[in-house]
$ cat my_file_22.txt   # compact mmCIF, C-alpha atoms and all ligand atoms
# COMPACT_ATOMS: atom_id res chain seq x y z
CA MET V 1 1.93 -21.14 31.20
CA ALA V 2 -0.22 -22.26 34.13
CA GLY V 3 1.10 -21.03 37.43
CA ASP V 4 2.49 -17.74 36.13
CA VAL V 5 1.37 -15.56 39.05
CA GLN V 6 2.30 -11.91 39.47
CA ALA V 7 1.38 -9.77 42.45
CA ILE V 8 1.59 -6.11 41.48
CA LEU V 9 1.69 -3.85 44.53
CA PRO V 10 1.24 -0.17 43.65
CA ARG V 11 1.00 2.60 46.21
CA TRP V 12 -2.23 3.70 44.50
CA LEU V 13 -4.59 1.66 42.37
CA VAL V 14 -6.99 3.38 39.97
CA PRO V 15 -9.45 0.75 38.71
CA VAL V 16 -11.48 3.32 36.64
CA ARG V 17 -14.69 1.47 37.41
CA PRO V 18 -16.07 2.77 39.74
CA GLU V 19 -15.08 6.09 38.18
CA GLY V 20 -12.89 8.23 40.42
CA GLN V 21 -11.99 5.45 42.89
CA VAL V 22 -8.44 5.23 44.25
CA LEU V 23 -7.43 2.24 46.38
CA GLU V 24 -4.36 2.24 48.61
CA ASP V 25 -2.34 -0.73 49.81
CA HIS V 26 -3.93 -3.16 47.40
CA ALA V 27 -2.41 -5.79 45.17
CA VAL V 28 -3.48 -6.86 41.71
CA ILE V 29 -3.02 -10.60 41.26
CA VAL V 30 -2.38 -11.58 37.66
CA VAL V 31 -2.58 -15.23 36.62
CA ASP V 32 -1.76 -16.22 33.05
CA GLY V 33 -2.45 -12.73 31.78
CA ARG V 34 -5.80 -12.19 33.55
CA ILE V 35 -6.67 -10.27 36.67
CA GLU V 36 -7.38 -13.04 39.15
CA ALA V 37 -8.01 -10.93 42.24
CA ILE V 38 -7.64 -7.52 43.84
CA ILE V 39 -6.72 -8.00 47.49
CA GLY V 40 -5.20 -6.18 50.44
CA ALA V 41 -1.43 -5.90 50.07
CA GLY V 42 -0.99 -7.64 53.42
CA ASP V 43 -2.83 -10.75 52.22
CA VAL V 44 -0.56 -11.53 49.27
CA GLY V 45 1.92 -13.67 51.23
CA GLY V 46 -0.80 -15.85 52.73
CA LEU V 47 -3.02 -16.23 49.67
CA TYR V 48 -0.44 -16.24 46.86
CA PRO V 49 2.89 -17.29 48.40
CA GLU V 50 4.20 -18.38 44.99
CA ALA V 51 3.52 -15.02 43.33
CA HIS V 52 6.30 -12.99 41.74
CA ARG V 53 6.01 -9.71 43.68
CA ILE V 54 6.38 -6.45 41.79
CA GLU V 55 6.65 -3.57 44.24
CA LEU V 56 5.63 -0.13 42.97
CA PRO V 57 6.03 1.99 46.12
CA VAL V 58 5.66 5.46 44.58
CA HIS V 59 3.41 4.52 41.68
CA ALA V 60 -0.16 4.70 40.53
CA LEU V 61 -1.38 1.64 38.61
CA ILE V 62 -3.99 2.34 35.96
CA PRO V 63 -5.54 0.38 33.10
CA GLY V 64 -3.44 0.72 29.94
CA LEU V 65 -4.49 3.77 27.93
CA ILE V 66 -6.47 3.14 24.76
CA ASN V 67 -5.64 5.30 21.76
CA ALA V 68 -9.00 5.23 20.01
CA HIS V 69 -7.84 6.73 16.72
CA THR V 70 -4.44 6.77 15.09
CA HIS V 71 -2.49 6.12 11.91
CA ASN V 72 0.65 4.38 13.17
CA ALA V 73 2.62 4.41 9.96
CA MET V 74 2.23 8.19 9.61
CA SER V 75 4.72 8.60 12.45
CA LEU V 76 7.32 8.74 9.69
CA LEU V 77 5.62 11.91 8.39
CA ARG V 78 5.90 13.67 11.75
CA GLY V 79 6.77 17.32 11.25
CA LEU V 80 6.92 17.01 7.46
CA ALA V 81 4.14 19.57 6.92
CA ASP V 82 2.67 21.70 9.70
CA ASP V 83 0.59 24.81 10.19
CA LEU V 84 -1.76 24.17 7.26
CA PRO V 85 -5.50 23.60 6.79
CA LEU V 86 -6.69 20.00 6.38
CA MET V 87 -7.17 19.88 2.61
CA THR V 88 -3.91 21.70 1.78
CA TRP V 89 -2.09 19.49 4.25
CA LEU V 90 -3.59 16.35 2.71
CA GLU V 91 -3.53 17.25 -0.99
CA ASP V 92 -0.19 19.09 -1.21
CA HIS V 93 1.87 17.17 1.32
CA ILE V 94 0.52 14.00 2.90
CA TRP V 95 -1.06 12.33 -0.11
CA PRO V 96 1.90 12.99 -2.47
CA SER V 97 4.37 11.64 0.14
CA GLU V 98 2.16 8.64 0.69
CA GLN V 99 1.81 8.03 -3.03
CA ARG V 100 5.54 8.00 -3.40
CA TRP V 101 6.57 6.05 -0.32
CA VAL V 102 3.81 3.96 1.19
CA GLY V 103 4.45 0.25 1.02
CA PRO V 104 5.15 -2.58 3.46
CA GLU V 105 8.57 -1.21 4.39
CA PHE V 106 7.22 2.26 5.19
CA VAL V 107 4.33 0.84 7.21
CA ARG V 108 6.62 -1.47 9.15
CA ALA V 109 9.06 1.32 10.08
CA GLY V 110 6.31 3.78 11.01
CA SER V 111 4.32 1.23 12.97
CA GLU V 112 7.32 0.08 14.96
CA LEU V 113 8.15 3.67 15.83
CA ALA V 114 4.53 4.38 16.80
CA MET V 115 4.24 1.30 18.99
CA ALA V 116 7.54 2.02 20.73
CA GLU V 117 6.28 5.54 21.44
CA MET V 118 2.85 4.43 22.62
CA LEU V 119 3.99 1.58 24.88
CA ALA V 120 6.56 3.78 26.62
CA GLY V 121 3.76 6.28 27.23
CA GLY V 122 1.38 3.83 28.89
CA THR V 123 -0.79 3.08 25.85
CA THR V 124 -1.52 -0.63 25.53
CA CYS V 125 -4.16 -0.65 22.78
CA PHE V 126 -4.75 1.36 19.62
CA ASN V 127 -7.34 1.64 16.89
CA ASP V 128 -5.44 2.06 13.63
CA ASN V 129 -6.45 3.22 10.18
CA TYR V 130 -3.86 2.78 7.46
CA PHE V 131 -2.78 0.93 4.35
CA PHE V 132 -1.01 -2.43 4.60
CA PRO V 133 -2.88 -3.38 7.77
CA ASP V 134 -1.38 -6.85 7.50
CA VAL V 135 2.02 -5.28 8.23
CA THR V 136 0.63 -3.22 11.13
CA ALA V 137 -0.85 -6.42 12.56
CA GLU V 138 2.47 -8.22 12.21
CA VAL V 139 4.28 -5.43 14.08
CA ALA V 140 1.61 -5.37 16.82
CA ARG V 141 2.17 -9.09 17.32
CA GLU V 142 5.90 -8.56 17.63
CA ALA V 143 5.39 -5.66 20.04
CA GLY V 144 2.89 -7.67 22.11
CA MET V 145 0.38 -4.83 21.77
CA ARG V 146 -3.40 -5.02 21.66
CA ALA V 147 -5.01 -3.41 18.61
CA VAL V 148 -7.96 -2.98 16.37
CA ILE V 149 -6.51 -3.20 12.89
CA GLY V 150 -8.29 -0.94 10.39
CA LEU V 151 -9.22 -2.38 7.01
CA PRO V 152 -8.92 0.62 4.71
CA VAL V 153 -11.55 1.48 2.11
CA ILE V 154 -11.15 4.54 -0.09
CA SER V 155 -12.44 5.25 -3.59
CA LEU V 156 -8.96 6.13 -4.86
CA PRO V 157 -6.22 3.81 -6.03
CA THR V 158 -3.29 3.38 -3.62
CA ALA V 159 -0.36 1.00 -3.26
CA TRP V 160 -2.63 -1.19 -1.12
CA ALA V 161 -5.49 -1.64 -3.63
CA SER V 162 -6.47 -0.24 -6.99
CA ASN V 163 -10.28 -0.22 -6.78
CA GLU V 164 -13.14 -0.76 -4.36
CA ASP V 165 -13.42 -4.46 -5.11
CA GLU V 166 -9.80 -4.95 -4.30
CA TYR V 167 -10.06 -2.96 -1.06
CA PHE V 168 -12.88 -5.24 0.08
CA GLN V 169 -11.11 -8.38 -1.03
CA ARG V 170 -7.93 -7.45 0.81
CA ALA V 171 -9.93 -6.29 3.87
CA LEU V 172 -11.63 -9.64 4.16
CA GLU V 173 -8.35 -11.49 3.70
CA VAL V 174 -6.72 -9.56 6.55
CA ARG V 175 -9.77 -10.09 8.74
CA GLU V 176 -9.68 -13.82 8.02
CA ASP V 177 -5.98 -14.01 8.91
CA LEU V 178 -6.57 -12.32 12.27
CA LEU V 179 -9.63 -14.30 13.35
CA GLY V 180 -8.96 -15.89 16.72
CA ASP V 181 -5.92 -13.73 17.49
CA PRO V 182 -5.81 -13.12 21.25
CA LEU V 183 -4.87 -9.43 20.97
CA LEU V 184 -5.98 -8.28 17.53
CA THR V 185 -9.40 -7.58 16.06
CA THR V 186 -10.43 -5.62 12.97
CA ALA V 187 -12.64 -2.72 11.93
CA PHE V 188 -13.53 -1.37 8.53
CA ALA V 189 -11.66 1.91 8.09
CA PRO V 190 -13.35 3.90 5.31
CA HIS V 191 -11.35 7.12 5.00
CA ALA V 192 -14.08 9.81 5.02
CA PRO V 193 -17.46 10.62 3.47
CA TYR V 194 -15.75 12.64 0.71
CA THR V 195 -13.49 9.76 -0.39
CA VAL V 196 -15.87 6.79 -0.14
CA SER V 197 -18.78 6.05 -2.48
CA ASP V 198 -22.36 5.20 -1.51
CA ALA V 199 -21.88 1.74 -3.00
CA ALA V 200 -18.81 1.09 -0.83
CA PHE V 201 -20.58 2.34 2.31
CA THR V 202 -23.55 0.08 1.59
CA ARG V 203 -21.36 -2.95 1.00
CA MET V 204 -19.45 -2.24 4.20
CA ARG V 205 -22.64 -1.89 6.20
CA GLU V 206 -23.89 -5.23 4.91
CA LEU V 207 -20.60 -6.91 5.81
CA ALA V 208 -20.54 -5.17 9.20
CA ASP V 209 -24.08 -6.40 9.91
CA LYS V 210 -23.02 -9.92 9.05
CA THR V 211 -19.69 -10.01 10.87
CA GLY V 212 -20.27 -7.58 13.74
CA ILE V 213 -17.07 -5.65 13.01
CA PRO V 214 -17.22 -1.90 13.56
CA ILE V 215 -16.87 0.90 10.99
CA HIS V 216 -14.16 3.42 11.89
CA LEU V 217 -14.67 6.65 9.93
CA HIS V 218 -13.38 10.24 9.89
CA LEU V 219 -16.66 12.17 10.08
CA LEU V 220 -17.67 15.84 10.29
CA GLU V 221 -14.05 16.85 10.59
CA THR V 222 -14.39 20.26 8.91
CA ALA V 223 -17.02 22.72 7.70
CA GLN V 224 -15.75 22.14 4.17
CA GLU V 225 -16.71 18.48 4.42
CA VAL V 226 -20.29 19.52 5.13
CA ASP V 227 -20.35 22.03 2.23
CA ASP V 228 -18.85 19.52 -0.17
CA SER V 229 -21.41 16.91 0.84
CA LEU V 230 -24.25 19.36 0.25
CA ALA V 231 -22.82 20.08 -3.20
CA ALA V 232 -22.11 16.47 -4.16
CA HIS V 233 -24.95 14.60 -2.47
CA GLY V 234 -27.50 17.28 -1.65
CA ARG V 235 -27.29 16.27 2.00
CA ARG V 236 -25.10 16.76 5.04
CA PRO V 237 -22.76 13.80 5.73
CA LEU V 238 -24.80 12.66 8.73
CA ASP V 239 -28.01 12.56 6.65
CA ARG V 240 -26.25 10.69 3.90
CA LEU V 241 -24.89 8.10 6.34
CA ALA V 242 -28.31 7.79 7.97
CA ASP V 243 -29.86 7.12 4.54
CA LEU V 244 -27.20 4.46 3.96
CA GLY V 245 -28.08 2.82 7.28
CA LEU V 246 -24.77 3.55 8.96
CA LEU V 247 -25.87 5.46 12.06
CA GLY V 248 -25.71 2.87 14.81
CA PRO V 249 -23.51 1.46 17.57
CA SER V 250 -21.08 -0.07 15.10
CA LEU V 251 -20.14 3.40 13.81
CA LEU V 252 -16.96 4.80 15.38
CA ALA V 253 -17.02 8.45 14.33
CA VAL V 254 -13.71 10.30 14.49
CA HIS V 255 -13.56 14.11 15.00
CA MET V 256 -17.24 15.20 14.90
CA THR V 257 -16.49 18.92 15.11
CA GLN V 258 -19.49 20.04 13.03
CA LEU V 259 -22.40 18.88 15.18
CA GLY V 260 -25.64 20.78 15.66
CA GLU V 261 -27.84 20.29 18.70
CA ASP V 262 -30.22 17.93 16.89
CA ASP V 263 -27.24 15.93 15.69
CA ILE V 264 -26.12 15.30 19.27
CA GLU V 265 -29.49 13.82 20.21
CA ARG V 266 -29.53 11.87 17.00
CA ILE V 267 -26.17 10.19 17.49
CA ALA V 268 -26.89 9.66 21.19
CA SER V 269 -30.06 7.72 20.41
CA ALA V 270 -28.36 5.82 17.57
CA GLY V 271 -25.53 4.77 19.93
CA VAL V 272 -22.77 6.12 17.67
CA HIS V 273 -19.37 6.24 19.42
CA VAL V 274 -17.29 9.42 19.16
CA LEU V 275 -13.50 9.21 18.89
CA HIS V 276 -12.28 12.62 19.97
CA CYS V 277 -8.91 13.92 18.69
CA PRO V 278 -8.48 17.35 20.27
CA ALA V 279 -4.86 18.10 19.28
CA SER V 280 -5.40 17.23 15.63
CA ASN V 281 -8.62 19.27 15.46
CA LEU V 282 -6.90 22.29 16.99
CA LYS V 283 -3.75 22.05 14.92
CA LEU V 284 -5.63 21.82 11.63
CA ALA V 285 -8.15 24.40 12.91
CA SER V 286 -10.86 21.94 11.87
CA GLY V 287 -13.26 22.86 14.64
CA ILE V 288 -14.06 21.74 18.17
CA CYS V 289 -15.94 18.59 19.07
CA PRO V 290 -18.64 19.50 21.64
CA VAL V 291 -17.48 16.89 24.13
CA ALA V 292 -19.23 18.33 27.18
CA ALA V 293 -22.61 18.25 25.42
CA LEU V 294 -21.98 14.78 23.98
CA ASP V 295 -21.02 13.45 27.39
CA SER V 296 -24.11 14.98 28.99
CA ALA V 297 -26.28 13.45 26.27
CA GLY V 298 -24.89 10.04 27.13
CA VAL V 299 -22.73 9.57 24.03
CA ASN V 300 -19.70 7.35 24.58
CA VAL V 301 -16.71 9.66 23.93
CA SER V 302 -13.22 8.19 23.75
CA ILE V 303 -9.87 9.84 23.00
CA GLY V 304 -7.39 9.38 20.17
CA THR V 305 -4.20 11.12 19.15
CA ASP V 306 -4.79 10.86 15.40
CA GLY V 307 -1.57 10.28 13.47
CA ALA V 308 1.76 11.86 14.40
CA ALA V 309 1.62 13.88 11.17
CA SER V 310 -1.19 16.00 12.63
CA ASN V 311 -0.60 15.93 16.41
CA ASN V 312 2.54 15.51 16.43
CA THR V 313 2.93 12.90 19.16
CA LEU V 314 1.04 9.77 20.21
CA ASP V 315 0.95 10.93 23.82
CA MET V 316 -2.30 9.88 25.47
CA PHE V 317 -1.50 11.74 28.71
CA ALA V 318 -1.20 15.00 26.75
CA GLU V 319 -4.37 14.16 24.82
CA MET V 320 -6.33 13.36 27.99
CA ARG V 321 -5.29 16.67 29.53
CA LEU V 322 -6.16 18.59 26.39
CA ALA V 323 -9.55 16.85 26.15
CA ALA V 324 -10.41 17.91 29.70
CA LEU V 325 -9.20 21.50 29.23
CA LEU V 326 -10.79 22.00 25.83
CA ALA V 327 -14.15 20.67 27.00
CA LYS V 328 -14.15 23.27 29.78
CA GLY V 329 -12.95 26.14 27.59
CA ALA V 330 -15.31 25.36 24.75
CA SER V 331 -18.38 24.89 26.94
CA GLY V 332 -17.61 27.71 29.38
CA ASP V 333 -18.12 25.23 32.19
CA PRO V 334 -15.16 24.35 34.44
CA GLU V 335 -17.12 21.38 35.80
CA ALA V 336 -17.37 19.79 32.33
CA ILE V 337 -15.28 16.63 31.90
CA PRO V 338 -13.80 16.40 35.40
CA ALA V 339 -10.48 14.55 35.70
CA ALA V 340 -12.08 11.20 36.55
CA ARG V 341 -14.22 11.38 33.41
CA ALA V 342 -11.18 12.24 31.29
CA VAL V 343 -9.44 9.11 32.65
CA SER V 344 -12.51 7.04 31.73
CA MET V 345 -12.50 8.49 28.24
CA ALA V 346 -8.88 7.44 27.75
CA THR V 347 -9.50 3.91 29.03
CA LEU V 348 -12.93 2.36 29.51
CA ASN V 349 -14.75 4.48 26.93
CA GLY V 350 -12.15 3.52 24.36
CA ALA V 351 -12.63 -0.14 25.21
CA ARG V 352 -16.40 0.28 24.88
CA ALA V 353 -16.09 1.90 21.44
CA LEU V 354 -13.79 -0.85 20.22
CA GLY V 355 -16.01 -3.68 21.47
CA LEU V 356 -13.40 -4.63 24.08
CA GLU V 357 -15.24 -3.56 27.21
CA THR V 358 -15.44 -7.05 28.70
CA GLN V 359 -11.69 -7.50 28.22
CA VAL V 360 -9.92 -4.23 28.99
CA GLY V 361 -10.37 -0.57 29.98
CA SER V 362 -10.56 -1.04 33.75
CA ILE V 363 -8.79 -3.03 36.45
CA GLU V 364 -11.40 -5.60 37.37
CA VAL V 365 -11.33 -9.29 38.17
CA GLY V 366 -11.65 -11.36 35.02
CA LYS V 367 -10.30 -8.71 32.67
CA SER V 368 -7.01 -8.90 30.85
CA ALA V 369 -4.04 -7.43 32.71
CA ASP V 370 -3.40 -4.45 30.43
CA LEU V 371 -1.81 -2.06 32.91
CA ALA V 372 0.45 0.97 33.22
CA ALA V 373 2.42 2.11 36.28
CA ILE V 374 3.21 5.79 36.72
CA ALA V 375 5.85 7.07 39.15
CA LEU V 376 4.51 10.03 41.10
CA ASP V 377 7.70 10.87 43.04
CA ARG V 378 8.64 13.78 40.77
CA SER V 379 8.69 17.45 41.67
CA GLY V 380 5.96 18.16 39.14
CA SER V 381 3.54 15.65 40.64
CA LEU V 382 4.11 16.22 44.35
CA PRO V 383 2.51 16.40 46.77
CA VAL V 384 0.08 13.68 45.80
CA ASN V 385 -3.06 15.44 46.98
CA SER V 386 -5.12 13.72 44.33
CA VAL V 387 -3.97 10.84 42.15
CA ILE V 388 -6.78 11.25 39.61
CA SER V 389 -6.16 14.98 39.26
CA HIS V 390 -2.44 14.37 38.76
CA LEU V 391 -3.05 11.73 36.07
CA VAL V 392 -4.85 14.32 33.98
CA TYR V 393 -3.36 17.67 34.94
CA ALA V 394 0.17 17.03 36.24
CA VAL V 395 1.68 13.80 34.96
CA GLY V 396 3.83 13.47 31.83
CA ARG V 397 4.14 10.23 29.92
CA GLU V 398 7.85 10.02 30.80
CA GLN V 399 6.69 9.08 34.30
CA VAL V 400 5.39 5.74 33.00
CA SER V 401 7.73 3.08 34.39
CA ASP V 402 6.13 -0.27 33.54
CA VAL V 403 3.49 -1.52 31.11
CA TRP V 404 1.76 -4.86 30.79
CA VAL V 405 -0.37 -6.19 27.95
CA ALA V 406 -2.32 -9.35 28.78
CA GLY V 407 -0.02 -9.85 31.76
CA GLN V 408 3.15 -9.59 29.73
CA ARG V 409 5.51 -6.86 30.91
CA VAL V 410 6.34 -5.19 27.60
CA TYR V 411 7.97 -2.15 29.25
CA GLU V 412 9.96 -2.75 32.39
CA GLN V 413 11.47 0.04 34.46
CA GLY V 414 11.83 2.27 31.44
CA ARG V 415 13.11 -0.43 29.07
CA MET V 416 11.27 -2.03 26.18
CA THR V 417 11.35 -5.81 26.55
CA ARG V 418 10.25 -6.85 23.07
CA LEU V 419 11.01 -4.04 20.62
CA ASP V 420 14.56 -3.14 19.56
CA VAL V 421 14.26 0.60 20.05
CA ASP V 422 17.78 1.47 18.83
CA SER V 423 17.18 -0.25 15.53
CA ILE V 424 13.71 1.34 15.18
CA HIS V 425 15.21 4.78 15.73
CA ARG V 426 17.99 4.18 13.20
CA THR V 427 15.47 3.13 10.56
CA ALA V 428 13.33 6.20 11.29
CA GLY V 429 16.41 8.36 10.71
CA GLN V 430 16.96 6.76 7.32
CA TRP V 431 13.35 7.47 6.37
CA ALA V 432 13.73 11.13 7.36
CA GLU V 433 16.49 11.51 4.80
CA ARG V 434 14.35 10.08 1.99
CA LEU V 435 11.20 11.99 2.97
CA THR V 436 12.76 15.40 3.41
CA ALA V 437 14.67 15.01 0.14
CA GLY V 438 11.28 14.35 -1.51
CA GLU V 439 9.66 17.41 0.08
CA GLN V 440 12.48 19.75 -0.96
CA LYS V 441 12.69 18.62 -4.57
ZN ZN Z 1 -7.27 10.37 11.42
$ encode --input "my_file_22.txt" --output "structure tokens"
Amino acid sequence: MAGDVQAILPRWLVPVRPEGQVLEDHAVIVVDGRIEAIIGAGDVGGLYPEAHRIELPVHALIPGLINAHTHNAMSLLRGLADDLPLMTWLEDHIWPSEQRWVGPEFVRAGSELAMAEMLAGGTTCFNDNYFFPDVTAEVAREAGMRAVIGLPVISLPTAWASNEDEYFQRALEVREDLLGDPLLTTAFAPHAPYTVSDAAFTRMRELADKTGIPIHLHLLETAQEVDDSLAAHGRRPLDRLADLGLLGPSLLAVHMTQLGEDDIERIASAGVHVLHCPASNLKLASGICPVAALDSAGVNVSIGTDGAASNNTLDMFAEMRLAALLAKGASGDPEAIPAARAVSMATLNGARALGLETQVGSIEVGKSADLAAIALDRSGSLPVNSVISHLVYAVGREQVSDVWVAGQRVYEQGRMTRLDVDSIHRTAGQWAERLTAGEQK
């Protein structure tokens, strides 16, 4: 592999750190998957004469987007049940479908579809939470995608495991299998406070303390969750988790729409990371995460799409735009979450939450070359008065032309280089027939 040198020459380079910076006429030199140097475009010939030159004359080059919360396999459930509140959606539609269909085949088909969608949209890394994580990991390897593979824990029997002991046993087996993988790490993925017991949370915390792996949890998603916790445990979910020793930097808290002012200070000082899923929260009318206040308090806020069953796409450009707009609308402050901050949330903040900050999330020397190129020569993104503004407010994911993960070009001029998209789409079609037949019965 030594000597594999690429010189990527975009019209605009957005390194993300420093936030808001845009460089022109620069080249990113990639050697064996890492960013070796960022130099003036005119110096490439002299310094790296052997480099394979990739000219991107109308493009912005950004770090690959990081989808901080998703359920890949649920892509197969896209559009199966919409316009419902969370618990009706889960109990009457999602859980019964899952009970009937979820297995390795389902997870493979859904994960392939999700990864094809994400890569073509400039997303290079995802944080997943689903059953059969071994299958998700296998597909990520085939796709050449970076991921944090969730190790599910839920106090209900599923096709993946029948009791808590088995969930932990299988979690640790998957973790063991992935140790040392260059692109894959793991996180515990307990479903939610209302589906996980105190004993399981405690055991997870002890294992997390020992291994350093994060805990990725749906938390404070709805007002009902808070009421149910008061009824079942005599405490709000945040108090219960604090009592169990879970409030700390290894907690990756998804949703967080039910936060009071004291809570914001509390999670800021504990170093809890927030994984914000604006489309899913709006669609299920769960509530609104107070992103502007969290950001001001110094909480690390990243962005996720949630699964395609509640979004209904895995489009990080759409999610970034929505995150910026919603933060302004909800706070009444148009200066909240400016475009450059929204870009950070979709890249570097995600990397920070996932423990990958030294590897990805920005275009810096020494980091992995996880990159996305976006063509800006479209009517809807001209004139290019501001690249950063366009990335958030004007660009669509169909403008992504090329994507690299660890220096490997997995999407090249609009074509997937590793995944067989036609076959993935055919299989998805077959699943639609089975699933809709099940819903209509
Ligand atoms: Zn979710």
$ residues_near_ligand --input "my_file_22.txt" --ligand "ligand ZN 1 (chain Z)" --cutoff "12 Å" --atoms "only C-alpha atoms and all ligand atoms" --output "VMD selection string"
chain V and resid 67 to 74 86 90 127 to 130 150 152 189 to 192 216 to 221 252 to 256 275 to 281 284 303 to 311
$ atom_distance --input "my_file_22.txt" --atom1 "atom CA of V:Ala51" --atom2 "atom CA of V:Thr417"
20.7 Å
$ residues_around --input "my_file_22.txt" --residues "stretch 403-409 of chain V" --least-positions-apart "2" --cutoff "7 Å" --atoms "all atoms listed in the file" --output "NGL selection string"
:V and (30 or 32-34 or 119 or 122 or 124 or 144-145 or 368-373 or 411-412)
$ residues_around --input "my_file_22.txt" --residues "V:Asn163" --least-positions-apart "6" --cutoff "12 Å" --atoms "all atoms listed in the file" --output "list in words"
Pro152, Val153, Ile154, Ser155, Leu156, Pro157, Gln169, Arg170, Val196, Ser197 and Ala200 of chain V
$ residues_around --input "my_file_22.txt" --residues "V:Ser401" --least-positions-apart "2" --cutoff "7 Å" --atoms "all atoms listed in the file" --output "PyMOL selection string"
chain V and resi 373-375+399+412-414
$ residues_near_point --input "my_file_22.txt" --point "(4.0, 5.7, 22.7)" --cutoff "10 Å" --atoms "all atoms listed in the file" --output "list in words"
Asn67, Leu113, Ala114, Met115, Ala116, Glu117, Met118, Leu119, Ala120, Gly121, Gly122, Thr123, Thr124, Thr313, Leu314, Asp315, Met316, Arg397 and Glu398 of chain V
